[in-house]
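Right, one structure below, let's go through it.
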Amino acid sequence: LETMTRNIRTGTAYDCNSLGDCAAGTSFTFLPSGGGAAITYARGTQAGPGGMTVGTLTENGTTVLTDPSVNITALTFYASGTRNTDNPPNDYRQPYVTIIVTGEVYPGPGKPPQSFTVQTGAAMRGTDL
C-alpha cells in the first residue's frame with residue numbers, strides 16, 4: 001500500500017474508474033513520474049492458501065502486489081480534483097485519492113483468518129490547477 005501511495009503521489013493525470021473524479025471506484029489509473037505507460041491499480045485474484053482463490057491488489061492487471069496469505073475482499077478508491085485547466089470544467093482543487101483496502105490474513109494452518117481494513121490517502125505532489 002505504501003508503494004501504491006508513493007507512486008500515485010508522484011504521478012499525474014489521475015483517473016478513477018475512467019470517470020476522473022469518483023466515489024467508490026474499483027480501479028485507479030495515473031501516469032507515473034518520469035513518463036511511461038499509465039499504471040492501473042485494481043483488485044485481482046490469485047491462488048491462495050490450500051489452493052483457494054484469494055483477492056489481490058494488482059498493478060496493470062498482471063503484477064500481483066499482495067502475498068498469497070492475504071485475501072483482499074474489497075478495494076475502493078475515492079478521487080477528487082482530477083480535472084485541471086486543460087480539461088474543463090475546471091475544479092481548481094489539488095488532485096487527491098483515498099484508498100480503502102479490506103481483507104483478511106491467513107496466519108497459518110489451523111488458525112482462523114484475521115480481518116483488517118486499511119485506509120490511506122495521497123495528494124498529487126505537482127499541481128494541475
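Residue numbering restarts at 1 in every chain; chains get A, B, ... in the order shown in the C-alpha cells, and ligands count up from 1 in that same order.
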Check: Leaving out A:Glu2 and any residue of its chain fewer than 4 positions from it, which residues lie within 9 Å of it when counting only C-alpha atoms, given as a list of chain:residue names?
Finding: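 The neighbour list is A:Arg6, A:Asn7, A:Thr120.
The protein and nucleic acid residues lying at most 7 Å from stretch 49-54 of chain A are Pro68, Ser69, Asn71 and Ile72 of chain A, with only C-alpha atoms considered and sequence neighbours fewer than 6 positions away removed.
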Next item on the list: Please measure the separation of atom CA of A:Glu104 and atom CA of A:Gly55, giving the value in Å to one decimal.
Entry: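 Atom CA of A:Gly55 lies at a distance of 9.7 Å from atom CA of A:Glu104.
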Item checked: A:Val64 surroundings by only C-alpha atoms, 10 Å radius, close-in-sequence under 5 positions cut, as a PyMOL selection string -> chain A and resi 41-46+55-59
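For stretch 29-73 of chain A, backbone-based DSSP labels the following residues as strand (DSSP E): Thr29, Phe30, Leu31, Ile39, Thr40, Tyr41, Ala42, Arg43, Gly44, Thr45, Gln46, Ala47, Thr53, Val54, Gly55, Thr56, Leu57, Thr58, Glu59, Thr63, Val64, Val70, Asn71, Ile72 and Thr73 of chain A.
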Note to self: Between atom CA of A:Val70 and atom CA of A:Gln119, what distance in Å does the model show, to one decimal?
What the structure shows: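 Atom-to-atom, atom CA of A:Val70 to atom CA of A:Gln119, that is 16.1 Å.
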Check: A:Thr117, A:Gln94, A:Thr66, A:Thr26: which is nearest A:Tyr78, counting only C-alpha atoms?
Finding: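 Using only C-alpha atoms, A:Tyr78 sits closest to A:Thr26.
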Note to self: Let me make sure I understand: among A:Ser115, A:Ser33, A:Thr82, A:Thr5, which one has the smallest atom-to-atom distance to A:Gly103 if we use only C-alpha atoms?
What the structure shows: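 The shortest atom-to-atom distance to A:Gly103 comes from A:Ser115.
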Item checked: Spatial neighbours of A:Ala23, max dist 9 Å, only C-alpha atoms, sep filter under 3 positions, as a list in words -> Cys16, Thr76, Phe77, Tyr78, Ala79 and Ser80 of chain A
Could you turn the residues from that selection into a file that holds N, CA, C and O atoms, as a PDB file, in the first residue's frame?
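out.pdb, written as the output of this step:
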```pdb
ATOM      1  N   CYS A  16     -10.155   7.797 -12.023  1.00  0.00           N
ATOM      2  CA  CYS A  16     -10.789   6.764 -11.210  1.00  0.00           C
ATOM      3  C   CYS A  16     -11.965   6.166 -11.976  1.00  0.00           C
ATOM      4  O   CYS A  16     -12.883   6.894 -12.352  1.00  0.00           O
ATOM      5  N   THR A  76     -11.405   0.043  -2.683  1.00  0.00           N
ATOM      6  CA  THR A  76     -12.235   1.180  -3.078  1.00  0.00           C
ATOM      7  C   THR A  76     -11.388   2.440  -3.167  1.00  0.00           C
ATOM      8  O   THR A  76     -10.564   2.703  -2.293  1.00  0.00           O
ATOM      9  N   PHE A  77     -11.614   3.216  -4.239  1.00  0.00           N
ATOM     10  CA  PHE A  77     -10.918   4.483  -4.451  1.00  0.00           C
ATOM     11  C   PHE A  77     -11.933   5.621  -4.445  1.00  0.00           C
ATOM     12  O   PHE A  77     -13.020   5.493  -5.020  1.00  0.00           O
ATOM     13  N   TYR A  78     -11.564   6.732  -3.817  1.00  0.00           N
ATOM     14  CA  TYR A  78     -12.339   7.971  -3.855  1.00  0.00           C
ATOM     15  C   TYR A  78     -11.392   9.040  -4.380  1.00  0.00           C
ATOM     16  O   TYR A  78     -10.370   9.302  -3.758  1.00  0.00           O
ATOM     17  N   ALA A  79     -11.701   9.628  -5.521  1.00  0.00           N
ATOM     18  CA  ALA A  79     -10.815  10.623  -6.130  1.00  0.00           C
ATOM     19  C   ALA A  79     -11.540  11.944  -6.310  1.00  0.00           C
ATOM     20  O   ALA A  79     -12.724  11.976  -6.648  1.00  0.00           O
ATOM     21  N   SER A  80     -10.810  13.026  -6.090  1.00  0.00           N
ATOM     22  CA  SER A  80     -11.363  14.369  -6.313  1.00  0.00           C
ATOM     23  C   SER A  80     -10.271  15.263  -6.877  1.00  0.00           C
ATOM     24  O   SER A  80      -9.084  14.988  -6.735  1.00  0.00           O
TER      25      SER A  80
END
```
Check: When you draw a straight line from atom CA of A:Asp67 to atom CA of A:Tyr14, how long is it in Å?
Finding: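 That distance, rounded to one decimal, is 26.5 Å.
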Item checked: Nearby residues (only C-alpha atoms) at most 9 Å from A:Arg125, same-chain spacing under 5 positions excluded, as a list in words ->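 Surrounding residues, per the criterion: Arg9, Thr10, Gly11, Thr12, Gln94 and Pro95 of chain A.
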Item checked: Sel. of helix (DSSP H, G or I) residues, chain A, as number ranges by chain -> A: 2-10, 49-51
Check: Near A:Ala13, counting only C-alpha atoms, which residues have an atom at most 12 Å away, once you skip same-chain residues fewer than 4 positions from it, shown as number ranges by chain?
Finding: A: 8-9, 18-21, 28-33, 35, 37-40, 79-84, 86-87, 94-97, 124-128
Could you please take those selected residues and save N, CA and C atoms as an mmCIF file, in the first residue's frame?
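Ended up saving to out29.cif:
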```cif
data_model
loop_
_atom_site.group_PDB
_atom_site.id
_atom_site.type_symbol
_atom_site.label_atom_id
_atom_site.label_comp_id
_atom_site.auth_asym_id
_atom_site.auth_seq_id
_atom_site.Cartn_x
_atom_site.Cartn_y
_atom_site.Cartn_z
ATOM 1 N N ILE A 8 1.391 6.976 -6.700
ATOM 2 C CA ILE A 8 0.259 7.862 -7.004
ATOM 3 C C ILE A 8 0.616 9.303 -6.680
ATOM 4 N N ARG A 9 1.233 9.525 -5.530
ATOM 5 C CA ARG A 9 1.588 10.879 -5.087
ATOM 6 C C ARG A 9 2.489 11.586 -6.096
ATOM 7 N N SER A 18 -12.284 5.395 -14.974
ATOM 8 C CA SER A 18 -12.424 6.085 -16.260
ATOM 9 C C SER A 18 -13.419 7.237 -16.194
ATOM 10 N N LEU A 19 -13.624 7.794 -14.993
ATOM 11 C CA LEU A 19 -14.560 8.898 -14.807
ATOM 12 C C LEU A 19 -13.884 10.180 -14.350
ATOM 13 N N GLY A 20 -12.585 10.150 -14.071
ATOM 14 C CA GLY A 20 -11.931 11.291 -13.440
ATOM 15 C C GLY A 20 -12.191 11.215 -11.956
ATOM 16 N N ASP A 21 -13.012 12.134 -11.425
ATOM 17 C CA ASP A 21 -13.414 12.075 -10.020
ATOM 18 C C ASP A 21 -14.375 10.905 -9.837
ATOM 19 N N PHE A 28 -8.007 2.568 -10.287
ATOM 20 C CA PHE A 28 -7.419 3.903 -10.296
ATOM 21 C C PHE A 28 -6.234 3.893 -11.249
ATOM 22 N N THR A 29 -6.213 4.844 -12.189
ATOM 23 C CA THR A 29 -5.175 4.926 -13.208
ATOM 24 C C THR A 29 -4.495 6.288 -13.129
ATOM 25 N N PHE A 30 -3.197 6.317 -13.416
ATOM 26 C CA PHE A 30 -2.440 7.566 -13.425
ATOM 27 C C PHE A 30 -1.201 7.392 -14.293
ATOM 28 N N LEU A 31 -0.562 8.498 -14.625
ATOM 29 C CA LEU A 31 0.696 8.455 -15.362
ATOM 30 C C LEU A 31 1.837 8.550 -14.354
ATOM 31 N N PRO A 32 2.820 7.655 -14.432
ATOM 32 C CA PRO A 32 3.917 7.683 -13.459
ATOM 33 C C PRO A 32 4.864 8.849 -13.709
ATOM 34 N N SER A 33 5.545 9.280 -12.643
ATOM 35 C CA SER A 33 6.546 10.331 -12.813
ATOM 36 C C SER A 33 7.669 9.794 -13.687
ATOM 37 N N GLY A 35 7.500 9.627 -16.881
ATOM 38 C CA GLY A 35 6.952 9.137 -18.144
ATOM 39 C C GLY A 35 6.682 7.644 -18.131
ATOM 40 N N ALA A 37 4.117 4.250 -19.605
ATOM 41 C CA ALA A 37 2.719 3.876 -19.763
ATOM 42 C C ALA A 37 1.945 4.095 -18.472
ATOM 43 N N ALA A 38 0.647 4.308 -18.617
ATOM 44 C CA ALA A 38 -0.219 4.505 -17.460
ATOM 45 C C ALA A 38 -0.196 3.269 -16.564
ATOM 46 N N ILE A 39 -0.361 3.494 -15.268
ATOM 47 C CA ILE A 39 -0.435 2.421 -14.273
ATOM 48 C C ILE A 39 -1.856 2.378 -13.736
ATOM 49 N N THR A 40 -2.418 1.180 -13.643
ATOM 50 C CA THR A 40 -3.747 0.992 -13.080
ATOM 51 C C THR A 40 -3.663 0.050 -11.889
ATOM 52 N N ALA A 79 -11.701 9.628 -5.521
ATOM 53 C CA ALA A 79 -10.815 10.623 -6.130
ATOM 54 C C ALA A 79 -11.540 11.944 -6.310
ATOM 55 N N SER A 80 -10.810 13.026 -6.090
ATOM 56 C CA SER A 80 -11.363 14.369 -6.313
ATOM 57 C C SER A 80 -10.271 15.263 -6.877
ATOM 58 N N GLY A 81 -10.681 16.327 -7.530
ATOM 59 C CA GLY A 81 -9.742 17.293 -8.084
ATOM 60 C C GLY A 81 -9.018 16.810 -9.321
ATOM 61 N N THR A 82 -9.574 15.865 -10.048
ATOM 62 C CA THR A 82 -8.874 15.300 -11.194
ATOM 63 C C THR A 82 -8.972 16.152 -12.455
ATOM 64 N N ARG A 83 -9.868 17.105 -12.476
ATOM 65 C CA ARG A 83 -9.973 17.979 -13.656
ATOM 66 C C ARG A 83 -9.014 19.147 -13.482
ATOM 67 N N ASN A 84 -8.350 19.562 -14.563
ATOM 68 C CA ASN A 84 -7.430 20.699 -14.485
ATOM 69 C C ASN A 84 -7.778 21.717 -15.568
ATOM 70 N N ASP A 86 -6.606 22.151 -18.358
ATOM 71 C CA ASP A 86 -6.609 21.592 -19.709
ATOM 72 C C ASP A 86 -7.806 20.682 -19.947
ATOM 73 N N ASN A 87 -8.615 20.445 -18.924
ATOM 74 C CA ASN A 87 -9.728 19.501 -19.007
ATOM 75 C C ASN A 87 -10.982 20.122 -18.382
ATOM 76 N N GLN A 94 -6.603 20.579 -5.737
ATOM 77 C CA GLN A 94 -5.463 19.679 -5.889
ATOM 78 C C GLN A 94 -5.974 18.234 -5.953
ATOM 79 N N PRO A 95 -5.528 17.437 -6.932
ATOM 80 C CA PRO A 95 -5.967 16.046 -7.028
ATOM 81 C C PRO A 95 -5.619 15.254 -5.770
ATOM 82 N N TYR A 96 -6.575 14.462 -5.325
ATOM 83 C CA TYR A 96 -6.427 13.675 -4.108
ATOM 84 C C TYR A 96 -7.171 12.354 -4.268
ATOM 85 N N VAL A 97 -6.595 11.285 -3.757
ATOM 86 C CA VAL A 97 -7.252 9.981 -3.782
ATOM 87 C C VAL A 97 -7.186 9.349 -2.395
ATOM 88 N N MET A 124 -1.580 14.630 -5.084
ATOM 89 C CA MET A 124 -0.579 14.795 -6.136
ATOM 90 C C MET A 124 0.442 15.840 -5.697
ATOM 91 N N ARG A 125 1.728 15.526 -5.795
ATOM 92 C CA ARG A 125 2.777 16.461 -5.384
ATOM 93 C C ARG A 125 2.841 17.678 -6.295
ATOM 94 N N GLY A 126 2.742 17.442 -7.586
ATOM 95 C CA GLY A 126 2.730 18.566 -8.527
ATOM 96 C C GLY A 126 1.366 19.210 -8.508
ATOM 97 N N THR A 127 1.227 20.301 -9.224
ATOM 98 C CA THR A 127 -0.075 20.950 -9.286
ATOM 99 C C THR A 127 -0.681 20.787 -10.667
ATOM 100 N N ASP A 128 -1.986 20.769 -10.724
ATOM 101 C CA ASP A 128 -2.679 20.763 -12.013
ATOM 102 C C ASP A 128 -3.706 21.866 -12.032
#
```
